[in-house]
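The structure under discussion appears below in the form of structure tokens.
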Amino acid sequence: MTIYLFGFALQRSFEVPEPRSLFELFSTDVRRVLDWPLFNIGAVPVTLLFLIKCVLFLIALSLFTRIARSLLGRKVLAHTKMERGVQYALVRAFGYVIFLLGLIIGLDTSGLNLRSLLVVGGALGLGVGLGLQNIVSNFVAGIVILWEGPVKIGDLIEVGNTQGEVVRIGARGTWVRTFDNQVIIVPNSEFVNQRVSNWTANDRIVRLSIPVGVSYESDLDQVRDVLLEIAKSHSDVLASPAPAAIVTGFGDNAVNITLRVSTALPTEHSPSIKSDLFFEIYRVFREKNIDMPFPQRDIRIRGMDTPVVLTQSRGAAS
């Protein structure tokens, strides 16, 4: 029996192992690298394969959030009577909630302890937080803007030296489109820390002011009637609230009058409406001989011994 076992062992020692394919060797090495633990979070080892799964999960969660936001905005809220700014705020808030819930569910499914993540997050926040203060403040300010609604999509606002229409409220900044069709990205924190003028906060009616100057010899009642008639004849000017022509002051060379009109068109049409009114005012004033004076100055010369001779050009009237 001993001789038999010795012979069997000797035979197995001289047997050549079955050759494995190069693909099997490569796949074994790859699996070994992917499953190699880089570090641990609590009792869960973090491997390269785990990180790849996390990245794919975040990409899928982002796509799902965008699809959910799109369905809510186009299929549900678009058929309601909510304002466009309120719909945008609800869609953005819904997207944040979906992403946060999906992230919590994904972390819980992976077996990670949330307490361990809080410790890691606190350590990272202590080291990196100083460099991300502006980003965090803008993100929090964006949530405040969406929640309180002082600025909504489509509002005509003025913050700092920027004036235009709000077209997008993002996580970092708010997109404002000027009348020159230029988009300026304003940090969200400026809407919280600075004074903001919102011209369409109460309603969607835009009010326009047309400054006009007439001579002191003009009949102001006639000027007022002409301006009101011009405003009422424009198709884009609203009848309610009614146009108004008011005297704003007496200047050095003219009586300053402001024509105030209202329109319900989007704010990008405001410059064209004002231009139409300026053209019409200039044409009608010339027809009715209403003088719009230009600056004039009286010059007095003192202390000259020699007389000053004033000559008239050939083309001027005598």
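As shown in the structure tokens, the chain order sets the letters A, B, ...; within each chain, residues go from 1, and ligands are also counted from 1 in the order they appear.
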
For A:Asn188: contacts at 7 Å, only C-alpha atoms, fewer than 2 positions along chain excluded, given as a PyMOL selection string: chain A and resi 138+141-142+172-174+186+190-191

Stretch 221-226 of chain A surroundings by only C-alpha atoms, 9 Å radius, close-in-sequence under 4 positions cut, as a count of residues only: 12

Best match for closeness to A:Leu58 among A:Pro45, A:Leu107, A:Lys81, A:Asp180, counting only C-alpha atoms: A:Leu107

All helix (DSSP H, G or I) residues (DSSP, backbone) inside stretch 71-296 of chain A, as a PyMOL selection string: chain A and resi 71-79+84-110+114-148+188-193+220-233+267-287

Members of stretch 167-277 of chain A assigned strand (DSSP E or B) by DSSP, as an NGL selection string: :A and (167-169 or 173-177 or 183-187 or 196-198 or 206-214 or 244-250 or 255-263)

Closest of A:Lys53, A:Arg31, A:Arg92, A:Arg207 to A:Ala68 - atom-to-atom distances counting only C-alpha atoms: A:Arg92

For stretch 193-198 of chain A: contacts at 7 Å, only C-alpha atoms, fewer than 4 positions along chain excluded, given as a count of residues only: 6

9 Å contact set for A:Asp291, only C-alpha atoms, chain neighbours under 2 positions out, as a ChimeraX atom specification: /A:213-218,285-286,288-289,293

Let's have the selection written as a PDB file, in the first residue's frame, with all heavy atoms.
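Wrote it out as again-v3.pdb, contents follow:
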ATOM      1  N   GLY A 213     -38.865 116.724 -23.796  1.00  0.00           N
ATOM      2  CA  GLY A 213     -38.681 118.113 -23.411  1.00  0.00           C
ATOM      3  C   GLY A 213     -39.293 119.050 -24.440  1.00  0.00           C
ATOM      4  O   GLY A 213     -39.086 118.883 -25.640  1.00  0.00           O
ATOM      5  N   VAL A 214     -40.092 120.040 -23.994  1.00  0.00           N
ATOM      6  CA  VAL A 214     -40.735 121.020 -24.881  1.00  0.00           C
ATOM      7  C   VAL A 214     -40.367 122.412 -24.405  1.00  0.00           C
ATOM      8  O   VAL A 214     -39.999 122.627 -23.246  1.00  0.00           O
ATOM      9  CB  VAL A 214     -42.269 120.839 -24.903  1.00  0.00           C
ATOM     10  CG1 VAL A 214     -42.634 119.479 -25.485  1.00  0.00           C
ATOM     11  CG2 VAL A 214     -42.871 121.001 -23.521  1.00  0.00           C
ATOM     12  N   SER A 215     -40.507 123.372 -25.305  1.00  0.00           N
ATOM     13  CA  SER A 215     -40.134 124.747 -24.979  1.00  0.00           C
ATOM     14  C   SER A 215     -41.154 125.363 -24.028  1.00  0.00           C
ATOM     15  O   SER A 215     -42.282 124.884 -23.891  1.00  0.00           O
ATOM     16  CB  SER A 215     -40.031 125.578 -26.259  1.00  0.00           C
ATOM     17  OG  SER A 215     -41.311 125.682 -26.867  1.00  0.00           O
ATOM     18  N   TYR A 216     -40.731 126.445 -23.382  1.00  0.00           N
ATOM     19  CA  TYR A 216     -41.612 127.122 -22.442  1.00  0.00           C
ATOM     20  C   TYR A 216     -42.765 127.840 -23.139  1.00  0.00           C
ATOM     21  O   TYR A 216     -43.762 128.193 -22.486  1.00  0.00           O
ATOM     22  CB  TYR A 216     -40.806 128.118 -21.609  1.00  0.00           C
ATOM     23  CG  TYR A 216     -40.012 127.448 -20.502  1.00  0.00           C
ATOM     24  CD1 TYR A 216     -38.695 127.049 -20.711  1.00  0.00           C
ATOM     25  CD2 TYR A 216     -40.578 127.227 -19.266  1.00  0.00           C
ATOM     26  CE1 TYR A 216     -37.964 126.432 -19.704  1.00  0.00           C
ATOM     27  CE2 TYR A 216     -39.861 126.618 -18.246  1.00  0.00           C
ATOM     28  CZ  TYR A 216     -38.550 126.223 -18.471  1.00  0.00           C
ATOM     29  OH  TYR A 216     -37.845 125.601 -17.459  1.00  0.00           O
ATOM     30  N   GLU A 217     -42.672 128.076 -24.431  1.00  0.00           N
ATOM     31  CA  GLU A 217     -43.760 128.702 -25.165  1.00  0.00           C
ATOM     32  C   GLU A 217     -44.828 127.710 -25.603  1.00  0.00           C
ATOM     33  O   GLU A 217     -45.875 128.117 -26.144  1.00  0.00           O
ATOM     34  CB  GLU A 217     -43.219 129.430 -26.405  1.00  0.00           C
ATOM     35  CG  GLU A 217     -42.422 130.676 -26.115  1.00  0.00           C
ATOM     36  CD  GLU A 217     -41.018 130.373 -25.638  1.00  0.00           C
ATOM     37  OE1 GLU A 217     -40.582 129.199 -25.829  1.00  0.00           O
ATOM     38  OE2 GLU A 217     -40.362 131.273 -25.083  1.00  0.00           O
ATOM     39  N   SER A 218     -44.627 126.427 -25.376  1.00  0.00           N
ATOM     40  CA  SER A 218     -45.583 125.415 -25.829  1.00  0.00           C
ATOM     41  C   SER A 218     -46.804 125.376 -24.927  1.00  0.00           C
ATOM     42  O   SER A 218     -46.743 125.711 -23.731  1.00  0.00           O
ATOM     43  CB  SER A 218     -44.919 124.038 -25.859  1.00  0.00           C
ATOM     44  OG  SER A 218     -43.786 124.029 -26.701  1.00  0.00           O
ATOM     45  N   PHE A 285     -44.801 115.940 -33.340  1.00  0.00           N
ATOM     46  CA  PHE A 285     -44.391 117.253 -32.844  1.00  0.00           C
ATOM     47  C   PHE A 285     -43.992 118.170 -33.990  1.00  0.00           C
ATOM     48  O   PHE A 285     -44.273 119.375 -33.961  1.00  0.00           O
ATOM     49  CB  PHE A 285     -43.232 117.098 -31.852  1.00  0.00           C
ATOM     50  CG  PHE A 285     -43.682 116.809 -30.443  1.00  0.00           C
ATOM     51  CD1 PHE A 285     -44.933 116.270 -30.193  1.00  0.00           C
ATOM     52  CD2 PHE A 285     -42.849 117.055 -29.369  1.00  0.00           C
ATOM     53  CE1 PHE A 285     -45.357 115.990 -28.904  1.00  0.00           C
ATOM     54  CE2 PHE A 285     -43.259 116.789 -28.075  1.00  0.00           C
ATOM     55  CZ  PHE A 285     -44.517 116.248 -27.845  1.00  0.00           C
ATOM     56  N   ARG A 286     -43.341 117.642 -35.003  1.00  0.00           N
ATOM     57  CA  ARG A 286     -42.980 118.472 -36.150  1.00  0.00           C
ATOM     58  C   ARG A 286     -44.213 118.883 -36.938  1.00  0.00           C
ATOM     59  O   ARG A 286     -44.277 120.003 -37.464  1.00  0.00           O
ATOM     60  CB  ARG A 286     -41.994 117.727 -37.051  1.00  0.00           C
ATOM     61  CG  ARG A 286     -40.647 117.450 -36.404  1.00  0.00           C
ATOM     62  CD  ARG A 286     -39.599 117.047 -37.421  1.00  0.00           C
ATOM     63  NE  ARG A 286     -39.331 118.105 -38.364  1.00  0.00           N
ATOM     64  CZ  ARG A 286     -38.442 118.013 -39.361  1.00  0.00           C
ATOM     65  NH1 ARG A 286     -37.754 116.882 -39.528  1.00  0.00           N
ATOM     66  NH2 ARG A 286     -38.242 119.010 -40.183  1.00  0.00           N
ATOM     67  N   LYS A 288     -47.225 119.383 -35.727  1.00  0.00           N
ATOM     68  CA  LYS A 288     -48.006 120.342 -34.944  1.00  0.00           C
ATOM     69  C   LYS A 288     -47.169 121.517 -34.460  1.00  0.00           C
ATOM     70  O   LYS A 288     -47.631 122.319 -33.621  1.00  0.00           O
ATOM     71  CB  LYS A 288     -48.655 119.633 -33.751  1.00  0.00           C
ATOM     72  CG  LYS A 288     -49.655 118.554 -34.169  1.00  0.00           C
ATOM     73  CD  LYS A 288     -50.345 117.942 -32.977  1.00  0.00           C
ATOM     74  CE  LYS A 288     -51.367 116.907 -33.427  1.00  0.00           C
ATOM     75  NZ  LYS A 288     -52.478 117.526 -34.187  1.00  0.00           N
ATOM     76  N   ASN A 289     -45.936 121.625 -34.944  1.00  0.00           N
ATOM     77  CA  ASN A 289     -45.045 122.746 -34.616  1.00  0.00           C
ATOM     78  C   ASN A 289     -44.830 122.886 -33.101  1.00  0.00           C
ATOM     79  O   ASN A 289     -44.836 123.990 -32.550  1.00  0.00           O
ATOM     80  CB  ASN A 289     -45.595 124.057 -35.184  1.00  0.00           C
ATOM     81  CG  ASN A 289     -45.622 124.053 -36.699  1.00  0.00           C
ATOM     82  OD1 ASN A 289     -44.708 123.529 -37.352  1.00  0.00           O
ATOM     83  ND2 ASN A 289     -46.662 124.637 -37.286  1.00  0.00           N
ATOM     84  N   PRO A 293     -36.696 122.157 -27.711  1.00  0.00           N
ATOM     85  CA  PRO A 293     -35.489 122.985 -27.781  1.00  0.00           C
ATOM     86  C   PRO A 293     -34.230 122.197 -27.479  1.00  0.00           C
ATOM     87  O   PRO A 293     -34.260 121.160 -26.818  1.00  0.00           O
ATOM     88  CB  PRO A 293     -35.745 124.052 -26.711  1.00  0.00           C
ATOM     89  CG  PRO A 293     -36.632 123.373 -25.727  1.00  0.00           C
ATOM     90  CD  PRO A 293     -37.508 122.448 -26.518  1.00  0.00           C
TER      91      PRO A 293
END

Nearby residues (only C-alpha atoms) at most 12 Å from A:Ala239, same-chain spacing under 3 positions excluded, as a list in words: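 Once the adjacent positions are removed, what remains is Ile205, Leu228, Glu229, Ala231, Lys232, Ser233, His234, Ser235, Asp236, Ala242, Pro243, Ala244, Arg260, Val261, Ser262, Thr263 and Ala264 of chain A.
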
Can you write out the residues you just picked, keeping all heavy atoms, as a tab-separated table (two decimals), in the first residue's frame?
chain	number	residue	atom	x	y	z
A	205	ILE	N	-46.84	92.96	-16.06
A	205	ILE	CA	-46.93	94.19	-16.83
A	205	ILE	C	-45.64	94.98	-16.68
A	205	ILE	O	-45.16	95.21	-15.56
A	205	ILE	CB	-48.14	95.03	-16.37
A	205	ILE	CG1	-49.44	94.27	-16.64
A	205	ILE	CG2	-48.17	96.37	-17.10
A	205	ILE	CD1	-50.67	94.99	-16.16
A	228	LEU	N	-50.72	111.52	-25.08
A	228	LEU	CA	-51.67	110.46	-24.75
A	228	LEU	C	-52.27	109.83	-26.01
A	228	LEU	O	-52.49	108.61	-26.06
A	228	LEU	CB	-52.77	111.02	-23.85
A	228	LEU	CG	-52.33	111.47	-22.45
A	228	LEU	CD1	-53.52	112.03	-21.68
A	228	LEU	CD2	-51.69	110.32	-21.69
A	229	GLU	N	-52.50	110.65	-27.02
A	229	GLU	CA	-53.05	110.10	-28.27
A	229	GLU	C	-52.04	109.19	-28.95
A	229	GLU	O	-52.38	108.13	-29.49
A	229	GLU	CB	-53.44	111.25	-29.19
A	229	GLU	CG	-54.07	110.81	-30.50
A	229	GLU	CD	-54.43	111.98	-31.38
A	229	GLU	OE1	-54.27	113.13	-30.93
A	229	GLU	OE2	-54.87	111.75	-32.53
A	231	ALA	N	-49.68	107.46	-27.44
A	231	ALA	CA	-49.56	106.23	-26.65
A	231	ALA	C	-50.74	105.30	-26.90
A	231	ALA	O	-50.57	104.08	-27.06
A	231	ALA	CB	-49.46	106.58	-25.17
A	232	LYS	N	-51.96	105.84	-26.98
A	232	LYS	CA	-53.14	105.01	-27.16
A	232	LYS	C	-53.20	104.41	-28.56
A	232	LYS	O	-53.82	103.36	-28.76
A	232	LYS	CB	-54.39	105.83	-26.90
A	232	LYS	CG	-54.54	106.25	-25.44
A	232	LYS	CD	-55.78	107.13	-25.24
A	232	LYS	CE	-55.90	107.58	-23.78
A	232	LYS	NZ	-57.07	108.47	-23.58
A	233	SER	N	-52.56	105.05	-29.52
A	233	SER	CA	-52.59	104.53	-30.89
A	233	SER	C	-51.62	103.37	-31.11
A	233	SER	O	-51.72	102.68	-32.13
A	233	SER	CB	-52.27	105.65	-31.88
A	233	SER	OG	-50.96	106.15	-31.66
A	234	HIS	N	-50.71	103.15	-30.18
A	234	HIS	CA	-49.76	102.05	-30.33
A	234	HIS	C	-50.44	100.74	-29.94
A	234	HIS	O	-51.09	100.64	-28.89
A	234	HIS	CB	-48.53	102.28	-29.45
A	234	HIS	CG	-47.34	101.46	-29.84
A	234	HIS	ND1	-47.24	100.11	-29.56
A	234	HIS	CD2	-46.20	101.78	-30.52
A	234	HIS	CE1	-46.09	99.65	-30.01
A	234	HIS	NE2	-45.43	100.64	-30.61
A	235	SER	N	-50.29	99.73	-30.75
A	235	SER	CA	-51.00	98.47	-30.55
A	235	SER	C	-50.51	97.69	-29.34
A	235	SER	O	-51.26	96.88	-28.76
A	235	SER	CB	-50.89	97.59	-31.80
A	235	SER	OG	-49.52	97.30	-32.08
A	236	ASP	N	-49.28	97.89	-28.91
A	236	ASP	CA	-48.72	97.13	-27.80
A	236	ASP	C	-48.86	97.84	-26.45
A	236	ASP	O	-48.44	97.29	-25.43
A	236	ASP	CB	-47.24	96.83	-28.06
A	236	ASP	CG	-47.05	95.95	-29.28
A	236	ASP	OD1	-47.92	95.10	-29.53
A	236	ASP	OD2	-46.02	96.11	-29.97
A	242	ALA	N	-53.96	103.02	-17.72
A	242	ALA	CA	-53.98	103.99	-18.81
A	242	ALA	C	-52.66	104.75	-18.88
A	242	ALA	O	-52.00	104.96	-17.86
A	242	ALA	CB	-55.14	104.96	-18.61
A	243	PRO	N	-52.26	105.17	-20.09
A	243	PRO	CA	-51.05	105.99	-20.21
A	243	PRO	C	-51.22	107.31	-19.47
A	243	PRO	O	-52.34	107.81	-19.29
A	243	PRO	CB	-50.91	106.18	-21.72
A	243	PRO	CG	-51.72	105.10	-22.33
A	243	PRO	CD	-52.84	104.83	-21.39
A	244	ALA	N	-50.10	107.89	-19.08
A	244	ALA	CA	-50.12	109.15	-18.34
A	244	ALA	C	-48.96	110.01	-18.81
A	244	ALA	O	-47.87	109.50	-19.09
A	244	ALA	CB	-50.04	108.91	-16.84
A	260	ARG	N	-45.69	107.87	-19.55
A	260	ARG	CA	-45.62	106.56	-18.93
A	260	ARG	C	-46.67	105.65	-19.56
A	260	ARG	O	-47.85	105.98	-19.58
A	260	ARG	CB	-45.85	106.67	-17.42
A	260	ARG	CG	-44.74	107.42	-16.70
A	260	ARG	CD	-44.98	107.48	-15.21
A	260	ARG	NE	-43.87	108.15	-14.52
A	260	ARG	CZ	-43.83	108.39	-13.22
A	260	ARG	NH1	-44.86	107.99	-12.45
A	260	ARG	NH2	-42.80	109.00	-12.67
A	261	VAL	N	-46.20	104.51	-20.06
A	261	VAL	CA	-47.09	103.54	-20.69
A	261	VAL	C	-46.81	102.17	-20.11
A	261	VAL	O	-45.78	101.94	-19.47
A	261	VAL	CB	-46.90	103.53	-22.22
A	261	VAL	CG1	-47.23	104.87	-22.84
A	261	VAL	CG2	-45.47	103.11	-22.58
A	262	SER	N	-47.74	101.23	-20.33
A	262	SER	CA	-47.61	99.86	-19.85
A	262	SER	C	-47.82	98.89	-21.00
A	262	SER	O	-48.61	99.16	-21.91
A	262	SER	CB	-48.62	99.57	-18.73
A	262	SER	OG	-48.45	100.46	-17.65
A	263	THR	N	-47.12	97.76	-20.93
A	263	THR	CA	-47.24	96.72	-21.95
A	263	THR	C	-47.15	95.36	-21.29
A	263	THR	O	-46.51	95.21	-20.23
A	263	THR	CB	-46.16	96.87	-23.03
A	263	THR	OG1	-46.31	95.83	-24.01
A	263	THR	CG2	-44.77	96.78	-22.43
A	264	ALA	N	-47.78	94.38	-21.91
A	264	ALA	CA	-47.75	93.01	-21.40
A	264	ALA	C	-46.81	92.12	-22.20
A	264	ALA	O	-46.74	90.91	-21.94
A	264	ALA	CB	-49.15	92.41	-21.40
